[in-house]
file coords-v8.cif (mmCIF, C-alpha atoms)
data_entry
#
loop_
_atom_site.group_PDB
_atom_site.id
_atom_site.type_symbol
_atom_site.label_atom_id
_atom_site.label_comp_id
_atom_site.auth_asym_id
_atom_site.auth_seq_id
_atom_site.Cartn_x
_atom_site.Cartn_y
_atom_site.Cartn_z
ATOM 1 C CA MET A 1 34.080 28.408 15.886
ATOM 2 C CA LYS A 2 31.957 30.447 13.476
ATOM 3 C CA SER A 3 34.879 30.813 11.075
ATOM 4 C CA ARG A 4 35.344 27.036 11.108
ATOM 5 C CA ILE A 5 31.700 26.447 10.239
ATOM 6 C CA ALA A 6 31.901 29.038 7.461
ATOM 7 C CA CYS A 7 35.040 27.337 6.144
ATOM 8 C CA ASP A 8 33.297 23.954 6.104
ATOM 9 C CA GLN A 9 30.359 25.422 4.188
ATOM 10 C CA ARG A 10 32.720 26.665 1.475
ATOM 11 C CA ARG A 11 34.138 23.211 0.862
ATOM 12 C CA PRO A 12 33.027 21.607 -2.457
ATOM 13 C CA GLY A 13 31.617 18.482 -0.793
ATOM 14 C CA TYR A 14 29.584 20.357 1.809
ATOM 15 C CA ARG A 15 26.781 21.452 -0.515
ATOM 16 C CA HIS A 16 26.622 18.004 -2.069
ATOM 17 C CA LYS A 17 26.243 16.355 1.355
ATOM 18 C CA ARG A 18 23.612 18.928 2.322
ATOM 19 C CA MET A 19 21.649 18.257 -0.890
ATOM 20 C CA VAL A 20 21.832 14.489 -0.359
ATOM 21 C CA LEU A 21 20.626 14.904 3.245
ATOM 22 C CA ASN A 22 17.733 17.154 2.211
ATOM 23 C CA GLU A 23 16.741 14.735 -0.553
ATOM 24 C CA HIS A 24 16.841 11.825 1.892
ATOM 25 C CA ILE A 25 14.582 13.685 4.318
ATOM 26 C CA LEU A 26 12.173 14.591 1.496
ATOM 27 C CA ILE A 27 12.011 11.013 0.217
ATOM 28 C CA ASN A 28 11.486 9.635 3.726
ATOM 29 C CA THR A 29 8.687 12.138 4.397
ATOM 30 C CA LEU A 30 7.046 11.329 1.055
ATOM 31 C CA PHE A 31 6.942 7.588 1.565
ATOM 32 C CA VAL A 32 5.876 7.862 5.213
ATOM 33 C CA SER A 33 2.975 10.048 4.014
ATOM 34 C CA PHE A 34 2.018 7.432 1.420
ATOM 35 C CA ASP A 35 2.355 4.707 4.063
ATOM 36 C CA LEU A 36 0.098 6.554 6.509
ATOM 37 C CA GLY A 37 -2.370 7.331 3.729
ATOM 38 C CA GLY A 38 -2.488 3.663 2.751
ATOM 39 C CA THR A 39 -2.938 2.676 6.390
ATOM 40 C CA PHE A 40 -5.868 5.088 6.766
ATOM 41 C CA VAL A 41 -7.619 4.011 3.574
ATOM 42 C CA PHE A 42 -7.107 0.291 4.153
ATOM 43 C CA ALA A 43 -8.293 0.738 7.730
ATOM 44 C CA LEU A 44 -11.448 2.341 6.322
ATOM 45 C CA SER A 45 -11.959 -0.685 4.070
ATOM 46 C CA GLY A 46 -11.453 -3.028 7.017
ATOM 47 C CA ALA A 47 -13.850 -1.111 9.226
ATOM 48 C CA SER A 48 -16.409 -0.903 6.405
ATOM 49 C CA SER A 49 -16.212 -4.667 5.958
ATOM 50 C CA ALA A 50 -16.608 -5.156 9.718
ATOM 51 C CA VAL A 51 -19.706 -2.956 9.886
ATOM 52 C CA LYS A 52 -21.097 -4.722 6.821
ATOM 53 C CA HIS A 53 -20.798 -8.015 8.697
ATOM 54 C CA ARG A 54 -22.454 -6.470 11.797
ATOM 55 C CA LEU A 55 -19.439 -6.824 14.086
ATOM 56 C CA ASP A 56 -19.247 -5.031 17.423
ATOM 57 C CA LEU A 57 -16.938 -2.066 18.117
ATOM 58 C CA PHE A 58 -14.043 -4.172 19.440
ATOM 59 C CA ARG A 59 -14.078 -6.458 16.398
ATOM 60 C CA VAL A 60 -14.268 -3.419 14.132
ATOM 61 C CA LEU A 61 -11.133 -2.058 15.814
ATOM 62 C CA VAL A 62 -9.318 -5.390 15.401
ATOM 63 C CA LEU A 63 -10.288 -5.693 11.753
ATOM 64 C CA PHE A 64 -9.374 -2.135 10.778
ATOM 65 C CA TYR A 65 -5.961 -2.390 12.441
ATOM 66 C CA ALA A 66 -5.232 -5.716 10.754
ATOM 67 C CA ALA A 67 -6.367 -4.436 7.355
ATOM 68 C CA GLY A 68 -4.441 -1.192 7.657
ATOM 69 C CA ASN A 69 -1.122 -2.590 8.887
ATOM 70 C CA SER A 70 -0.641 -6.259 7.924
ATOM 71 C CA GLY A 71 1.015 -5.524 4.593
ATOM 72 C CA GLY A 72 3.376 -2.957 6.085
ATOM 73 C CA ILE A 73 4.344 -5.264 8.959
ATOM 74 C CA ALA A 74 5.173 -8.098 6.542
ATOM 75 C CA ARG A 75 7.285 -5.727 4.422
ATOM 76 C CA ASP A 76 9.190 -4.310 7.392
ATOM 77 C CA VAL A 77 10.001 -7.763 8.737
ATOM 78 C CA MET A 78 11.354 -8.860 5.353
ATOM 79 C CA ILE A 79 13.589 -5.818 4.855
ATOM 80 C CA GLY A 80 14.837 -5.844 8.446
ATOM 81 C CA ALA A 81 13.052 -2.690 9.634
ATOM 82 C CA ILE A 82 12.540 -4.030 13.154
ATOM 83 C CA PRO A 83 10.350 -3.320 15.043
ATOM 84 C CA PRO A 84 7.820 -2.630 12.245
ATOM 85 C CA ALA A 85 6.624 0.963 11.912
ATOM 86 C CA ALA A 86 3.005 -0.097 12.498
ATOM 87 C CA ILE A 87 3.980 -1.158 16.022
ATOM 88 C CA ASN A 88 6.806 1.246 16.770
ATOM 89 C CA ASP A 89 5.289 4.507 15.430
ATOM 90 C CA TRP A 90 2.258 5.905 17.252
ATOM 91 C CA ARG A 91 1.037 7.629 14.084
ATOM 92 C CA TYR A 92 0.060 4.321 12.470
ATOM 93 C CA VAL A 93 -2.026 3.339 15.489
ATOM 94 C CA ALA A 94 -3.623 6.809 15.646
ATOM 95 C CA VAL A 95 -4.475 6.814 11.934
ATOM 96 C CA SER A 96 -5.983 3.319 12.209
ATOM 97 C CA ILE A 97 -8.095 4.269 15.240
ATOM 98 C CA LEU A 98 -9.309 7.425 13.498
ATOM 99 C CA ALA A 99 -10.396 5.441 10.434
ATOM 100 C CA GLY A 100 -12.201 2.873 12.569
ATOM 101 C CA ILE A 101 -14.069 5.483 14.609
ATOM 102 C CA ILE A 102 -15.077 7.433 11.504
ATOM 103 C CA THR A 103 -16.438 4.308 9.864
ATOM 104 C CA PHE A 104 -18.215 3.001 12.964
ATOM 105 C CA PHE A 105 -20.109 6.222 13.739
ATOM 106 C CA TRP A 106 -20.558 7.647 10.225
ATOM 107 C CA TYR A 107 -20.923 4.472 8.176
ATOM 108 C CA ARG A 108 -24.102 5.699 6.476
ATOM 109 C CA ILE A 109 -22.199 8.590 4.895
ATOM 110 C CA ILE A 110 -19.380 6.322 3.702
ATOM 111 C CA ASP A 111 -21.871 3.719 2.459
ATOM 112 C CA ARG A 112 -23.277 6.233 -0.031
ATOM 113 C CA LEU A 113 -20.193 5.642 -2.145
ATOM 114 C CA SER A 114 -20.500 2.903 -4.726
ATOM 115 C CA SER A 115 -18.933 -0.235 -3.234
ATOM 116 C CA PRO A 116 -16.987 1.687 -0.556
ATOM 117 C CA VAL A 117 -14.824 -1.260 0.475
ATOM 118 C CA LEU A 118 -13.608 -1.786 -3.084
ATOM 119 C CA VAL A 119 -12.948 1.927 -3.658
ATOM 120 C CA PHE A 120 -10.980 2.262 -0.401
ATOM 121 C CA ASP A 121 -9.230 -0.994 -1.209
ATOM 122 C CA ALA A 122 -8.107 0.326 -4.606
ATOM 123 C CA ALA A 123 -6.798 3.557 -3.071
ATOM 124 C CA GLY A 124 -4.972 1.704 -0.292
ATOM 125 C CA LEU A 125 -3.541 -0.749 -2.822
ATOM 126 C CA ALA A 126 -2.045 2.114 -4.838
ATOM 127 C CA LEU A 127 -0.558 3.976 -1.872
ATOM 128 C CA PHE A 128 0.878 0.857 -0.260
ATOM 129 C CA ALA A 129 2.349 -0.542 -3.484
ATOM 130 C CA VAL A 130 4.324 2.658 -3.992
ATOM 131 C CA SER A 131 5.352 3.198 -0.366
ATOM 132 C CA GLY A 132 6.298 -0.467 -0.002
ATOM 133 C CA ALA A 133 8.583 -0.384 -3.027
ATOM 134 C CA GLY A 134 10.042 2.960 -1.954
ATOM 135 C CA LYS A 135 10.864 1.784 1.562
ATOM 136 C CA ALA A 136 12.378 -1.425 0.215
ATOM 137 C CA LEU A 137 14.671 0.636 -2.045
ATOM 138 C CA ALA A 138 15.624 2.802 0.926
ATOM 139 C CA PHE A 139 16.738 -0.373 2.721
ATOM 140 C CA HIS A 140 18.899 -1.292 -0.279
ATOM 141 C CA ALA A 141 16.658 -3.978 -1.762
ATOM 142 C CA GLY A 142 17.248 -4.756 -5.440
ATOM 143 C CA PRO A 143 14.784 -3.643 -8.151
ATOM 144 C CA VAL A 144 13.016 -7.013 -8.389
ATOM 145 C CA ALA A 145 12.825 -7.460 -4.612
ATOM 146 C CA ALA A 146 11.533 -3.888 -4.151
ATOM 147 C CA THR A 147 8.835 -4.432 -6.781
ATOM 148 C CA LEU A 148 7.663 -7.681 -5.185
ATOM 149 C CA LEU A 149 7.719 -6.152 -1.699
ATOM 150 C CA GLY A 150 5.648 -3.243 -2.992
ATOM 151 C CA MET A 151 3.074 -5.710 -4.313
ATOM 152 C CA LEU A 152 3.102 -7.622 -1.012
ATOM 153 C CA THR A 153 2.575 -4.416 0.968
ATOM 154 C CA GLY A 154 -0.383 -3.581 -1.266
ATOM 155 C CA ILE A 155 -2.208 -6.908 -1.139
ATOM 156 C CA GLY A 156 -1.337 -7.978 2.435
ATOM 157 C CA GLY A 157 -3.924 -5.900 4.289
ATOM 158 C CA GLY A 158 -6.789 -6.869 1.992
ATOM 159 C CA MET A 159 -5.924 -10.550 2.279
ATOM 160 C CA VAL A 160 -5.924 -10.475 6.097
ATOM 161 C CA ARG A 161 -9.175 -8.460 6.141
ATOM 162 C CA ASP A 162 -10.987 -10.952 3.915
ATOM 163 C CA VAL A 163 -9.684 -13.983 5.824
ATOM 164 C CA LEU A 164 -10.842 -12.523 9.163
ATOM 165 C CA VAL A 165 -14.411 -12.092 7.855
ATOM 166 C CA ARG A 166 -14.269 -15.562 6.266
ATOM 167 C CA GLU A 167 -14.276 -14.456 2.656
ATOM 168 C CA ILE A 168 -12.099 -15.615 -0.222
ATOM 169 C CA PRO A 169 -9.309 -12.987 -0.469
ATOM 170 C CA THR A 170 -9.902 -10.386 -3.165
ATOM 171 C CA VAL A 171 -6.538 -11.156 -4.733
ATOM 172 C CA LEU A 172 -7.767 -14.706 -5.520
ATOM 173 C CA ARG A 173 -11.258 -13.990 -6.780
ATOM 174 C CA THR A 174 -11.466 -10.670 -8.533
ATOM 175 C CA GLU A 175 -10.261 -8.642 -11.497
ATOM 176 C CA LEU A 176 -6.743 -7.225 -11.813
ATOM 177 C CA TYR A 177 -5.537 -6.746 -8.243
ATOM 178 C CA ALA A 178 -2.045 -8.033 -7.537
ATOM 179 C CA VAL A 179 -1.096 -7.168 -11.114
ATOM 180 C CA ALA A 180 -2.159 -3.554 -10.562
ATOM 181 C CA ALA A 181 -0.026 -3.392 -7.401
ATOM 182 C CA LEU A 182 2.890 -4.964 -9.250
ATOM 183 C CA ILE A 183 2.657 -2.403 -12.064
ATOM 184 C CA GLY A 184 2.416 0.501 -9.613
ATOM 185 C CA ALA A 185 5.457 -0.682 -7.660
ATOM 186 C CA ALA A 186 7.408 -1.360 -10.861
ATOM 187 C CA THR A 187 6.645 2.150 -12.115
ATOM 188 C CA LEU A 188 8.245 3.659 -9.028
ATOM 189 C CA VAL A 189 11.279 1.360 -9.178
ATOM 190 C CA ILE A 190 11.880 1.984 -12.884
ATOM 191 C CA GLY A 191 11.418 5.714 -12.353
ATOM 192 C CA ARG A 192 14.058 5.743 -9.612
ATOM 193 C CA MET A 193 16.432 3.708 -11.816
ATOM 194 C CA LEU A 194 16.015 6.375 -14.500
ATOM 195 C CA ASN A 195 16.688 9.116 -11.917
ATOM 196 C CA VAL A 196 13.130 10.462 -12.101
ATOM 197 C CA ALA A 197 12.242 12.616 -9.083
ATOM 198 C CA SER A 198 10.849 10.529 -6.232
ATOM 199 C CA GLY A 199 7.628 12.546 -6.020
ATOM 200 C CA ALA A 200 6.912 12.202 -9.741
ATOM 201 C CA ALA A 201 7.727 8.481 -9.793
ATOM 202 C CA ALA A 202 5.596 7.831 -6.705
ATOM 203 C CA ALA A 203 2.642 9.806 -8.048
ATOM 204 C CA ALA A 204 2.836 8.060 -11.432
ATOM 205 C CA GLY A 205 2.960 4.623 -9.802
ATOM 206 C CA ALA A 206 0.046 5.342 -7.457
ATOM 207 C CA ILE A 207 -2.153 6.855 -10.182
ATOM 208 C CA LEU A 208 -1.413 4.000 -12.587
ATOM 209 C CA CYS A 209 -2.165 1.355 -9.951
ATOM 210 C CA PHE A 210 -5.408 2.985 -8.787
ATOM 211 C CA GLY A 211 -6.569 3.725 -12.336
ATOM 212 C CA LEU A 212 -5.921 0.179 -13.518
ATOM 213 C CA ARG A 213 -7.653 -1.355 -10.507
ATOM 214 C CA PHE A 214 -10.642 1.012 -10.682
ATOM 215 C CA VAL A 215 -11.190 0.497 -14.413
ATOM 216 C CA ALA A 216 -10.814 -3.266 -13.960
ATOM 217 C CA MET A 217 -13.586 -3.163 -11.332
ATOM 218 C CA ARG A 218 -15.865 -1.143 -13.603
ATOM 219 C CA ARG A 219 -15.251 -3.124 -16.790
ATOM 220 C CA GLY A 220 -14.641 -6.546 -15.308
ATOM 221 C CA TRP A 221 -11.156 -6.905 -16.751
ATOM 222 C CA GLN A 222 -9.526 -10.220 -15.895
ATOM 223 C CA LEU A 223 -6.387 -12.085 -16.802
ATOM 224 C CA PRO A 224 -6.805 -15.268 -18.896
ATOM 225 C CA SER A 225 -7.672 -18.270 -16.770
ATOM 226 C CA VAL A 226 -7.719 -22.038 -17.273
ATOM 227 C CA HIS A 227 -11.184 -23.615 -17.364
ATOM 228 C CA PRO A 228 -11.640 -27.302 -16.437
ATOM 229 C CA LEU A 229 -12.936 -29.670 -19.101
ATOM 230 C CA LYS A 230 -16.638 -30.438 -19.086
ATOM 231 C CA GLU A 231 -17.769 -34.048 -18.607
ATOM 232 C CA SER A 232 -18.759 -34.338 -22.289
ATOM 233 C CA GLU A 233 -15.348 -33.056 -23.386
ATOM 234 C CA ARG A 234 -13.591 -35.603 -21.170
ATOM 235 C CA THR A 235 -15.463 -38.522 -22.653
ATOM 236 C CA THR A 236 -14.732 -37.435 -26.242
ATOM 237 C CA THR A 237 -11.012 -37.117 -25.546
#

call {"tool": "encode", "arguments": {"input": "coords-v8.cif", "output": "structure tokens"}}
result
Amino acid sequence: MKSRIACDQRRPGYRHKRMVLNEHILINTLFVSFDLGGTFVFALSGASSAVKHRLDLFRVLVLFYAAGNSGGIARDVMIGAIPPAAINDWRYVAVSILAGIITFFWYRIIDRLSSPVLVFDAAGLALFAVSGAGKALAFHAGPVAATLLGMLTGIGGGMVRDVLVREIPTVLRTELYAVAALIGAATLVIGRMLNVASGAAAAAGAILCFGLRFVAMRRGWQLPSVHPLKESERTTT
């Protein structure tokens, strides 16, 4: 038996299969880590928003779970990863609960940050955009589909959070948001197409997305928008 195993290990294709398996495990671990990180940070933003609106503990728990997992659930349903990881994997629930408890009992510490919801939102946007695109690629989605799914994963949690507290979703009312997620996801997808290491491509996409979103918040960067005509302009035309 041992000689057979040793013989298999000497075959030319054995090492290649072993390398592919190890790389697959590494990539899966990387994107799960990004996914859990995004869940935690978005859950913090959801819980922070709940405390800001003076909701009770149960409503805080509902809001943080929705904010932390809505984008990932939508992505998993679209790529056929059923049941979604946010429901099927206990780690997502545990991470969400941890974020909610931390925010509920130590909100004063978190509130010392400048605009904590927006900072957590930017970090969650970056992590989710990259992990969403990476998981979509792992399920054999095309480059365009993976990029769009990465953006959806990034903006989904924030949209649900804002709707639940009866606010206009951030993606519809603020500076570069969906565009930042789109660029972060596209960076990962293009990197993988160019055979860049998964870790490097993921890090570059996350940093670019967070940096763009954070600077846009600080400087008020916005895309061009269409302004309606004033009454005086309508009469003259």

call {"tool": "resolve_selection", "arguments": {"input": "coords-v8.cif", "expression": "the PyMOL selection byres ((chain A and resi 35-47) around 6)", "output": "list in words"}}
result
Phe31, Val32, Ser33, Phe34, Ser48, Ser49, Ala50, Val60, Leu63, Phe64, Ala67, Gly68, Val95, Ser96, Ala99, Gly100, Val117, Phe120, Asp121, Gly124, Leu127, Phe128, Ser131 and Arg161 of chain A

call {"tool": "residues_around", "arguments": {"input": "coords-v8.cif", "residues": "stretch 196-209 of chain A", "least_positions_apart": "4", "cutoff": "7 Å", "atoms": "only C-alpha atoms", "output": "NGL selection string"}}
result
:A and (27 or 126-127 or 130 or 180-181 or 183-185 or 187-188 or 191-192 or 213)

call {"tool": "write_last_selection", "arguments": {"input": "coords-v8.cif", "atoms": "C-alpha atoms", "output": "short mmCIF file (atom, residue, chain, number, x, y, z; two decimals), in the frame of the given file"}}
result
data_model
loop_
_atom_site.label_atom_id
_atom_site.label_comp_id
_atom_site.auth_asym_id
_atom_site.auth_seq_id
_atom_site.Cartn_x
_atom_site.Cartn_y
_atom_site.Cartn_z
CA ILE A 27 12.01 11.01 0.22
CA ALA A 126 -2.04 2.11 -4.84
CA LEU A 127 -0.56 3.98 -1.87
CA VAL A 130 4.32 2.66 -3.99
CA ALA A 180 -2.16 -3.55 -10.56
CA ALA A 181 -0.03 -3.39 -7.40
CA ILE A 183 2.66 -2.40 -12.06
CA GLY A 184 2.42 0.50 -9.61
CA ALA A 185 5.46 -0.68 -7.66
CA THR A 187 6.64 2.15 -12.12
CA LEU A 188 8.24 3.66 -9.03
CA GLY A 191 11.42 5.71 -12.35
CA ARG A 192 14.06 5.74 -9.61
CA ARG A 213 -7.65 -1.36 -10.51
#

call {"tool": "resolve_selection", "arguments": {"input": "coords-v8.cif", "expression": "the PyMOL selection byres ((chain A and resi 79) around 8)", "output": "PDB file with C-alpha atoms, in the coordinates of the input"}}
result
ATOM      1  CA  ARG A  75       7.285  -5.727   4.422  1.00  0.00           C
ATOM      2  CA  ASP A  76       9.190  -4.310   7.392  1.00  0.00           C
ATOM      3  CA  VAL A  77      10.001  -7.763   8.737  1.00  0.00           C
ATOM      4  CA  MET A  78      11.354  -8.860   5.353  1.00  0.00           C
ATOM      5  CA  GLY A  80      14.837  -5.844   8.446  1.00  0.00           C
ATOM      6  CA  ALA A  81      13.052  -2.690   9.634  1.00  0.00           C
ATOM      7  CA  ALA A 136      12.378  -1.425   0.215  1.00  0.00           C
ATOM      8  CA  PHE A 139      16.738  -0.373   2.721  1.00  0.00           C
ATOM      9  CA  ALA A 141      16.658  -3.978  -1.762  1.00  0.00           C
TER      10      ALA A 141
END

call {"tool": "residues_around", "arguments": {"input": "coords-v8.cif", "residues": "A:Ile155", "least_positions_apart": "6", "cutoff": "7 Å", "atoms": "all atoms listed in the file", "output": "mmCIF file with C-alpha atoms, in the coordinates of the input"}}
result
data_model
loop_
_atom_site.group_PDB
_atom_site.id
_atom_site.type_symbol
_atom_site.label_atom_id
_atom_site.label_comp_id
_atom_site.auth_asym_id
_atom_site.auth_seq_id
_atom_site.Cartn_x
_atom_site.Cartn_y
_atom_site.Cartn_z
ATOM 1 C CA GLY A 71 1.015 -5.524 4.593
ATOM 2 C CA LEU A 125 -3.541 -0.749 -2.822
ATOM 3 C CA ALA A 178 -2.045 -8.033 -7.537
#

call {"tool": "axis_aligned_box", "arguments": {"input": "coords-v8.cif", "around": "stretch 128-143 of chain A", "padding_each_side": "6 Å", "output": "JSON"}}
result
{"center_x": 9.9, "center_y": -0.8, "center_z": -2.7, "size_x": 30.0, "size_y": 20.0, "size_z": 22.9}

call {"tool": "atom_distance", "arguments": {"input": "coords-v8.cif", "atom1": "atom CA of A:Leu152", "atom2": "atom CA of A:Ile73"}}
result
10.3 Å

call {"tool": "atom_distance", "arguments": {"input": "coords-v8.cif", "atom1": "atom CA of A:Leu182", "atom2": "atom CA of A:Ala129"}}
result
7.3 Å

call {"tool": "atom_distance", "arguments": {"input": "coords-v8.cif", "atom1": "atom CA of A:Val51", "atom2": "atom CA of A:Leu164"}}
result
13.1 Å

call {"tool": "closest_residue", "arguments": {"input": "coords-v8.cif", "among": "A:Asn69, A:Pro169, A:Phe105, A:Ala74", "to": "A:Tyr92", "atoms": "all atoms listed in the file"}}
result
A:Asn69

call {"tool": "closest_residue", "arguments": {"input": "coords-v8.cif", "among": "A:Val165, A:Leu57, A:Ala146, A:Met159", "to": "A:Ile190", "atoms": "all atoms listed in the file"}}
result
A:Ala146

call {"tool": "closest_residue", "arguments": {"input": "coords-v8.cif", "among": "A:Asn195, A:Phe104, A:Asp89, A:Ser70", "to": "A:Arg54", "atoms": "all atoms listed in the file"}}
result
A:Phe104

call {"tool": "residues_around", "arguments": {"input": "coords-v8.cif", "residues": "A:Phe214", "least_positions_apart": "6", "cutoff": "9 Å", "atoms": "all atoms listed in the file", "output": "list in words"}}
result
Leu118, Val119, Ala122 and Ala123 of chain A

call {"tool": "closest_residue", "arguments": {"input": "coords-v8.cif", "among": "A:Ile101, A:Ile168, A:Ala186, A:Leu176", "to": "A:Val215", "atoms": "only C-alpha atoms"}}
result
A:Leu176

call {"tool": "decode", "arguments": {"input": "coords-v8.cif", "residues": "stretch 100-145 of chain A", "atoms": "C-alpha atoms", "output": "PDB file, in the first residue's frame"}}
result
ATOM      1  CA  GLY A 100     -24.303  43.622  17.646  1.00  0.00           C
ATOM      2  CA  ILE A 101     -23.398  42.955  21.280  1.00  0.00           C
ATOM      3  CA  ILE A 102     -20.201  44.999  21.035  1.00  0.00           C
ATOM      4  CA  THR A 103     -22.079  47.941  19.576  1.00  0.00           C
ATOM      5  CA  PHE A 104     -25.016  47.744  21.987  1.00  0.00           C
ATOM      6  CA  PHE A 105     -22.924  47.685  25.178  1.00  0.00           C
ATOM      7  CA  TRP A 106     -19.890  49.729  24.079  1.00  0.00           C
ATOM      8  CA  TYR A 107     -21.489  52.206  21.688  1.00  0.00           C
ATOM      9  CA  ARG A 108     -19.871  55.200  23.396  1.00  0.00           C
ATOM     10  CA  ILE A 109     -16.409  53.899  22.506  1.00  0.00           C
ATOM     11  CA  ILE A 110     -17.385  53.249  18.881  1.00  0.00           C
ATOM     12  CA  ASP A 111     -19.152  56.618  18.653  1.00  0.00           C
ATOM     13  CA  ARG A 112     -15.852  58.407  19.291  1.00  0.00           C
ATOM     14  CA  LEU A 113     -14.902  57.619  15.712  1.00  0.00           C
ATOM     15  CA  SER A 114     -15.845  60.248  13.169  1.00  0.00           C
ATOM     16  CA  SER A 115     -19.116  59.138  11.558  1.00  0.00           C
ATOM     17  CA  PRO A 116     -18.744  55.498  12.681  1.00  0.00           C
ATOM     18  CA  VAL A 117     -21.547  54.175  10.486  1.00  0.00           C
ATOM     19  CA  LEU A 118     -19.958  55.617   7.354  1.00  0.00           C
ATOM     20  CA  VAL A 119     -16.471  54.362   8.261  1.00  0.00           C
ATOM     21  CA  PHE A 120     -17.738  50.831   8.986  1.00  0.00           C
ATOM     22  CA  ASP A 121     -19.856  51.028   5.857  1.00  0.00           C
ATOM     23  CA  ALA A 122     -16.815  51.881   3.719  1.00  0.00           C
ATOM     24  CA  ALA A 123     -14.798  49.009   5.200  1.00  0.00           C
ATOM     25  CA  GLY A 124     -17.656  46.535   4.748  1.00  0.00           C
ATOM     26  CA  LEU A 125     -18.211  47.774   1.195  1.00  0.00           C
ATOM     27  CA  ALA A 126     -14.579  47.044   0.313  1.00  0.00           C
ATOM     28  CA  LEU A 127     -14.458  43.582   1.886  1.00  0.00           C
ATOM     29  CA  PHE A 128     -17.791  42.490   0.441  1.00  0.00           C
ATOM     30  CA  ALA A 129     -17.086  43.804  -3.064  1.00  0.00           C
ATOM     31  CA  VAL A 130     -13.932  41.701  -3.237  1.00  0.00           C
ATOM     32  CA  SER A 131     -15.320  38.572  -1.572  1.00  0.00           C
ATOM     33  CA  GLY A 132     -18.491  38.764  -3.661  1.00  0.00           C
ATOM     34  CA  ALA A 133     -16.568  38.914  -6.926  1.00  0.00           C
ATOM     35  CA  GLY A 134     -14.194  36.180  -5.765  1.00  0.00           C
ATOM     36  CA  LYS A 135     -16.981  33.786  -4.803  1.00  0.00           C
ATOM     37  CA  ALA A 136     -18.795  34.471  -8.066  1.00  0.00           C
ATOM     38  CA  LEU A 137     -15.624  33.549  -9.992  1.00  0.00           C
ATOM     39  CA  ALA A 138     -15.305  30.383  -7.918  1.00  0.00           C
ATOM     40  CA  PHE A 139     -18.816  29.431  -9.065  1.00  0.00           C
ATOM     41  CA  HIS A 140     -17.759  29.959 -12.687  1.00  0.00           C
ATOM     42  CA  ALA A 141     -19.442  33.316 -13.262  1.00  0.00           C
ATOM     43  CA  GLY A 142     -18.062  35.364 -16.156  1.00  0.00           C
ATOM     44  CA  PRO A 143     -15.925  38.487 -15.571  1.00  0.00           C
ATOM     45  CA  VAL A 144     -18.800  40.946 -16.049  1.00  0.00           C
ATOM     46  CA  ALA A 145     -21.220  38.915 -13.922  1.00  0.00           C
TER      47      ALA A 145
END
